[in-house]
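Participant: Could you have a look at this structure, given as structure tokens, before my questions?
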Amino acid sequence: MNPVFESTLTAGPEHIDELGHVNNAVWVQWIQQVAVAHWEAVARAEDKDAYYWVVVRHEIDYLRAAHEGDVITARTWVGDAPKGARFDRLMEFTGPNGKVCVRSRTQWAIIDKRLGRPIRVPAEVVAPFVSGG
């Protein structure tokens, strides 16, 4: 597995649905939030200036509920190798008991800001995410 980026989130009242759980749509927002935080923390400045990523596909397994006040640990890492313009990002969210609540695989496509279109993922963009620095 490639190096893992970790952050924490707290389920607030605004995240809770009528069932008393973190709403499924909130998990999707958190997937985006944590992925962007990883990009901001690890990507080189020149890559942040030149590219952005868009979601192409989400696969999400909702395994356990999270409740208001729960502190959730988010862990994310990239897949083994990009495929053309696409690169997989994997994520899991664990609850306060250490059990996985949600697992996801999101396929992202890289967009060259100057060209305004997808390009093949450059090796130098991937390097910091697979080497840990």
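The way I read the labels, and the way they are meant: chains A, B, ... in the order of the structure tokens, residue 1 as the first residue of every chain, and ligand 1 as the first ligand shown, with later ones counted on from there.
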I'd like the neighbourhood of A:Leu115 as a list in words, where a residue qualifies if any of its atoms comes within 10 Å (using only C-alpha atoms), though same-chain residues fewer than 3 positions away should be ignored.
Facilitator: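 Contacts, with the query itself left out: Ala50, Tyr51, Ile111, Asp112, Pro118 and Ile119 of chain A.
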Participant: Taking C-alpha atoms for each residue, export the selection above as a PDB file, in the first residue's frame.
Facilitator:
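This went into out.pdb:
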```pdb
ATOM      1  CA  ALA A  50      -0.936  23.314 -13.225  1.00  0.00           C
ATOM      2  CA  TYR A  51      -3.611  20.689 -12.519  1.00  0.00           C
ATOM      3  CA  ILE A 111      -7.198  18.116 -15.794  1.00  0.00           C
ATOM      4  CA  ASP A 112      -4.500  20.347 -17.205  1.00  0.00           C
ATOM      5  CA  PRO A 118      -7.736  15.675 -19.184  1.00  0.00           C
ATOM      6  CA  ILE A 119      -4.172  14.536 -19.772  1.00  0.00           C
TER       7      ILE A 119
END
```
Participant: Using only C-alpha atoms, which protein or nucleic acid residues come within 10 Å of stretch 17-33 of chain A? Drop anything in the same chain fewer than 5 positions from it, and give the result as a ChimeraX atom specification.
Facilitator: /A:9,11-12,38,54-55,58,60,62,64-68,70,74-76,89-93,101-106
Participant: Using N, CA and C atoms, can you export the residues from the last selection as a compact mmCIF listing (two decimals), in the first residue's frame?
Facilitator:
```txt
# COMPACT_ATOMS: atom_id res chain seq x y z
N LEU A 9 -12.26 13.91 11.60
CA LEU A 9 -13.49 14.66 11.39
C LEU A 9 -14.39 14.40 12.58
N ALA A 11 -18.40 14.31 13.72
CA ALA A 11 -19.78 14.34 13.26
C ALA A 11 -20.58 15.33 14.11
N GLY A 12 -20.98 16.41 13.47
CA GLY A 12 -21.78 17.43 14.15
C GLY A 12 -23.26 17.26 13.84
N HIS A 38 -5.35 15.89 1.23
CA HIS A 38 -4.17 15.10 0.90
C HIS A 38 -3.41 15.75 -0.25
N VAL A 54 -10.89 15.91 -10.99
CA VAL A 54 -12.35 15.79 -10.94
C VAL A 54 -12.72 14.34 -10.69
N VAL A 55 -13.80 14.14 -9.96
CA VAL A 55 -14.27 12.78 -9.67
C VAL A 55 -14.96 12.22 -10.91
N HIS A 58 -17.38 6.97 -7.97
CA HIS A 58 -17.27 6.60 -6.55
C HIS A 58 -17.79 5.17 -6.38
N ILE A 60 -18.67 3.09 -2.87
CA ILE A 60 -18.71 3.30 -1.43
C ILE A 60 -19.41 2.14 -0.75
N TYR A 62 -20.97 1.29 2.82
CA TYR A 62 -21.39 1.81 4.11
C TYR A 62 -21.50 0.61 5.05
N ARG A 64 -20.93 0.67 8.81
CA ARG A 64 -21.43 0.95 10.16
C ARG A 64 -21.85 2.41 10.23
N ALA A 65 -22.79 2.67 11.09
CA ALA A 65 -23.26 4.04 11.29
C ALA A 65 -22.28 4.81 12.17
N ALA A 66 -22.24 6.11 11.95
CA ALA A 66 -21.55 7.03 12.86
C ALA A 66 -22.61 8.00 13.37
N HIS A 67 -22.41 8.49 14.58
CA HIS A 67 -23.42 9.30 15.25
C HIS A 67 -22.85 10.65 15.65
N GLU A 68 -23.75 11.56 15.98
CA GLU A 68 -23.34 12.89 16.40
C GLU A 68 -22.32 12.80 17.54
N ASP A 70 -19.31 11.65 17.27
CA ASP A 70 -18.25 10.69 16.96
C ASP A 70 -17.07 11.38 16.28
N ALA A 74 -10.09 9.46 9.22
CA ALA A 74 -10.09 9.23 7.78
C ALA A 74 -8.67 8.89 7.35
N ARG A 75 -8.54 7.81 6.59
CA ARG A 75 -7.25 7.41 6.02
C ARG A 75 -7.41 7.29 4.52
N THR A 76 -6.48 7.86 3.78
CA THR A 76 -6.54 7.78 2.33
C THR A 76 -5.17 7.53 1.75
N ARG A 89 -8.16 6.56 -5.81
CA ARG A 89 -7.87 6.95 -4.43
C ARG A 89 -8.73 6.07 -3.55
N LEU A 90 -8.11 5.46 -2.56
CA LEU A 90 -8.83 4.61 -1.61
C LEU A 90 -8.92 5.33 -0.28
N MET A 91 -10.00 5.02 0.45
CA MET A 91 -10.22 5.71 1.71
C MET A 91 -10.98 4.80 2.65
N GLU A 92 -10.69 4.95 3.94
CA GLU A 92 -11.54 4.32 4.94
C GLU A 92 -11.68 5.25 6.12
N PHE A 93 -12.88 5.21 6.68
CA PHE A 93 -13.23 6.03 7.83
C PHE A 93 -13.52 5.09 8.98
N CYS A 101 -16.27 2.31 9.36
CA CYS A 101 -17.66 2.71 9.08
C CYS A 101 -17.92 2.75 7.58
N VAL A 102 -16.97 3.30 6.83
CA VAL A 102 -17.12 3.49 5.39
C VAL A 102 -15.79 3.21 4.71
N ARG A 103 -15.87 2.53 3.56
CA ARG A 103 -14.72 2.28 2.69
C ARG A 103 -15.08 2.80 1.31
N SER A 104 -14.13 3.42 0.63
CA SER A 104 -14.44 3.90 -0.71
C SER A 104 -13.24 3.78 -1.64
N ARG A 105 -13.57 3.71 -2.90
CA ARG A 105 -12.60 3.80 -4.00
C ARG A 105 -13.18 4.84 -4.94
N THR A 106 -12.42 5.90 -5.15
CA THR A 106 -12.87 6.97 -6.03
C THR A 106 -11.88 7.09 -7.17
```
Participant: Of the candidates A:Thr10, A:Asn97, A:Gln107, A:Asn2, which one gets nearest to A:Val56 if we count only C-alpha atoms?
Facilitator: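 Of the candidates, the smallest distance to A:Val56 is held by A:Gln107.
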Participant: As a VMD selection string, please: every residue in chain A that a backbone DSSP assignment puts in alpha helix (DSSP H).
Facilitator: chain A and resid 24 to 42 45 to 50 123 to 131
Participant: Would you mind telling me which residue in A:Asp88, A:Glu40, A:Asp47, A:Glu14 lies nearest to A:Pro122 when using only C-alpha atoms?
Facilitator: A:Asp47
Participant: Hey, what does DSSP flag as strand (DSSP E or B) within stretch 29-86 of chain A? Can you give it to me as a PDB file with N, CA, C and O atoms, in the first residue's frame?
Facilitator:
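Wrote out21.pdb, looks like this:
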```
ATOM      1  N   TYR A  51      -2.582  21.723 -12.356  1.00  0.00           N
ATOM      2  CA  TYR A  51      -3.611  20.689 -12.519  1.00  0.00           C
ATOM      3  C   TYR A  51      -4.679  20.774 -11.457  1.00  0.00           C
ATOM      4  O   TYR A  51      -4.450  21.280 -10.362  1.00  0.00           O
ATOM      5  N   TYR A  52      -5.824  20.228 -11.773  1.00  0.00           N
ATOM      6  CA  TYR A  52      -6.831  19.926 -10.769  1.00  0.00           C
ATOM      7  C   TYR A  52      -7.433  18.579 -11.112  1.00  0.00           C
ATOM      8  O   TYR A  52      -7.228  18.045 -12.201  1.00  0.00           O
ATOM      9  N   TRP A  53      -8.147  18.021 -10.157  1.00  0.00           N
ATOM     10  CA  TRP A  53      -8.719  16.680 -10.282  1.00  0.00           C
ATOM     11  C   TRP A  53     -10.237  16.755 -10.218  1.00  0.00           C
ATOM     12  O   TRP A  53     -10.786  17.560  -9.471  1.00  0.00           O
ATOM     13  N   VAL A  54     -10.889  15.906 -10.988  1.00  0.00           N
ATOM     14  CA  VAL A  54     -12.347  15.794 -10.937  1.00  0.00           C
ATOM     15  C   VAL A  54     -12.719  14.338 -10.689  1.00  0.00           C
ATOM     16  O   VAL A  54     -12.029  13.423 -11.143  1.00  0.00           O
ATOM     17  N   VAL A  55     -13.803  14.139  -9.958  1.00  0.00           N
ATOM     18  CA  VAL A  55     -14.273  12.784  -9.675  1.00  0.00           C
ATOM     19  C   VAL A  55     -14.961  12.218 -10.908  1.00  0.00           C
ATOM     20  O   VAL A  55     -15.797  12.875 -11.522  1.00  0.00           O
ATOM     21  N   VAL A  56     -14.604  10.984 -11.243  1.00  0.00           N
ATOM     22  CA  VAL A  56     -15.214  10.276 -12.360  1.00  0.00           C
ATOM     23  C   VAL A  56     -16.162   9.189 -11.848  1.00  0.00           C
ATOM     24  O   VAL A  56     -17.198   8.919 -12.444  1.00  0.00           O
ATOM     25  N   ARG A  57     -15.794   8.579 -10.717  1.00  0.00           N
ATOM     26  CA  ARG A  57     -16.585   7.465 -10.203  1.00  0.00           C
ATOM     27  C   ARG A  57     -16.328   7.283  -8.711  1.00  0.00           C
ATOM     28  O   ARG A  57     -15.197   7.430  -8.256  1.00  0.00           O
ATOM     29  N   HIS A  58     -17.379   6.966  -7.967  1.00  0.00           N
ATOM     30  CA  HIS A  58     -17.275   6.597  -6.554  1.00  0.00           C
ATOM     31  C   HIS A  58     -17.788   5.171  -6.377  1.00  0.00           C
ATOM     32  O   HIS A  58     -18.826   4.818  -6.933  1.00  0.00           O
ATOM     33  N   GLU A  59     -17.106   4.387  -5.581  1.00  0.00           N
ATOM     34  CA  GLU A  59     -17.615   3.113  -5.054  1.00  0.00           C
ATOM     35  C   GLU A  59     -17.537   3.245  -3.544  1.00  0.00           C
ATOM     36  O   GLU A  59     -16.464   3.509  -3.001  1.00  0.00           O
ATOM     37  N   ILE A  60     -18.671   3.090  -2.874  1.00  0.00           N
ATOM     38  CA  ILE A  60     -18.707   3.303  -1.430  1.00  0.00           C
ATOM     39  C   ILE A  60     -19.409   2.136  -0.755  1.00  0.00           C
ATOM     40  O   ILE A  60     -20.487   1.736  -1.177  1.00  0.00           O
ATOM     41  N   ASP A  61     -18.776   1.617   0.274  1.00  0.00           N
ATOM     42  CA  ASP A  61     -19.394   0.598   1.124  1.00  0.00           C
ATOM     43  C   ASP A  61     -19.670   1.236   2.474  1.00  0.00           C
ATOM     44  O   ASP A  61     -18.750   1.679   3.165  1.00  0.00           O
ATOM     45  N   TYR A  62     -20.967   1.292   2.816  1.00  0.00           N
ATOM     46  CA  TYR A  62     -21.390   1.810   4.114  1.00  0.00           C
ATOM     47  C   TYR A  62     -21.502   0.608   5.045  1.00  0.00           C
ATOM     48  O   TYR A  62     -22.386  -0.223   4.886  1.00  0.00           O
ATOM     49  N   VAL A  71     -15.874  11.046  16.737  1.00  0.00           N
ATOM     50  CA  VAL A  71     -14.658  11.499  16.072  1.00  0.00           C
ATOM     51  C   VAL A  71     -14.267  10.392  15.104  1.00  0.00           C
ATOM     52  O   VAL A  71     -14.060   9.243  15.514  1.00  0.00           O
ATOM     53  N   ILE A  72     -14.205  10.746  13.834  1.00  0.00           N
ATOM     54  CA  ILE A  72     -13.956   9.799  12.759  1.00  0.00           C
ATOM     55  C   ILE A  72     -12.524   9.984  12.265  1.00  0.00           C
ATOM     56  O   ILE A  72     -12.090  11.114  12.012  1.00  0.00           O
ATOM     57  N   THR A  73     -11.796   8.894  12.125  1.00  0.00           N
ATOM     58  CA  THR A  73     -10.463   8.947  11.547  1.00  0.00           C
ATOM     59  C   THR A  73     -10.564   8.569  10.078  1.00  0.00           C
ATOM     60  O   THR A  73     -11.088   7.503   9.735  1.00  0.00           O
ATOM     61  N   ALA A  74     -10.089   9.458   9.224  1.00  0.00           N
ATOM     62  CA  ALA A  74     -10.088   9.229   7.781  1.00  0.00           C
ATOM     63  C   ALA A  74      -8.668   8.886   7.352  1.00  0.00           C
ATOM     64  O   ALA A  74      -7.726   9.585   7.722  1.00  0.00           O
ATOM     65  N   ARG A  75      -8.545   7.814   6.589  1.00  0.00           N
ATOM     66  CA  ARG A  75      -7.246   7.414   6.023  1.00  0.00           C
ATOM     67  C   ARG A  75      -7.415   7.291   4.520  1.00  0.00           C
ATOM     68  O   ARG A  75      -8.371   6.662   4.054  1.00  0.00           O
ATOM     69  N   THR A  76      -6.480   7.862   3.783  1.00  0.00           N
ATOM     70  CA  THR A  76      -6.542   7.784   2.327  1.00  0.00           C
ATOM     71  C   THR A  76      -5.166   7.533   1.750  1.00  0.00           C
ATOM     72  O   THR A  76      -4.146   7.893   2.341  1.00  0.00           O
ATOM     73  N   TRP A  77      -5.164   6.895   0.592  1.00  0.00           N
ATOM     74  CA  TRP A  77      -3.945   6.615  -0.150  1.00  0.00           C
ATOM     75  C   TRP A  77      -4.327   6.435  -1.605  1.00  0.00           C
ATOM     76  O   TRP A  77      -5.492   6.229  -1.933  1.00  0.00           O
ATOM     77  N   VAL A  78      -3.348   6.534  -2.479  1.00  0.00           N
ATOM     78  CA  VAL A  78      -3.626   6.382  -3.906  1.00  0.00           C
ATOM     79  C   VAL A  78      -3.444   4.933  -4.325  1.00  0.00           C
ATOM     80  O   VAL A  78      -2.770   4.151  -3.647  1.00  0.00           O
ATOM     81  N   LYS A  83      -4.146   5.148 -14.762  1.00  0.00           N
ATOM     82  CA  LYS A  83      -4.537   4.578 -16.060  1.00  0.00           C
ATOM     83  C   LYS A  83      -4.935   5.742 -16.945  1.00  0.00           C
ATOM     84  O   LYS A  83      -6.042   6.263 -16.819  1.00  0.00           O
ATOM     85  N   ARG A  86      -6.689   8.825 -15.425  1.00  0.00           N
ATOM     86  CA  ARG A  86      -7.400   8.428 -14.197  1.00  0.00           C
ATOM     87  C   ARG A  86      -6.467   7.803 -13.157  1.00  0.00           C
ATOM     88  O   ARG A  86      -5.521   7.109 -13.495  1.00  0.00           O
TER      89      ARG A  86
END
```
Participant: For atom CA of A:Glu6 and atom CA of A:Gly69, determine how far apart the two atoms are, in Å to one decimal place.
Facilitator: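 Computing the Euclidean distance for atom CA of A:Glu6 and atom CA of A:Gly69 yields 18.9 Å.
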Participant: Which residues, written as a PyMOL selection string, have at least one atom at most 7 Å from A:Pro3, with only C-alpha atoms counted and residues fewer than 5 positions away on the same chain left out?
Facilitator: chain A and resi 77+129-132
Participant: Find the residues near A:Ala123: any atom within 10 Å, counting only C-alpha atoms, skip ones fewer than 5 places away on the same chain, and give them as a list in words.
Facilitator: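 Skipping anything fewer than 5 positions along the chain leaves Ala81, Pro82 and Pro128 of chain A.
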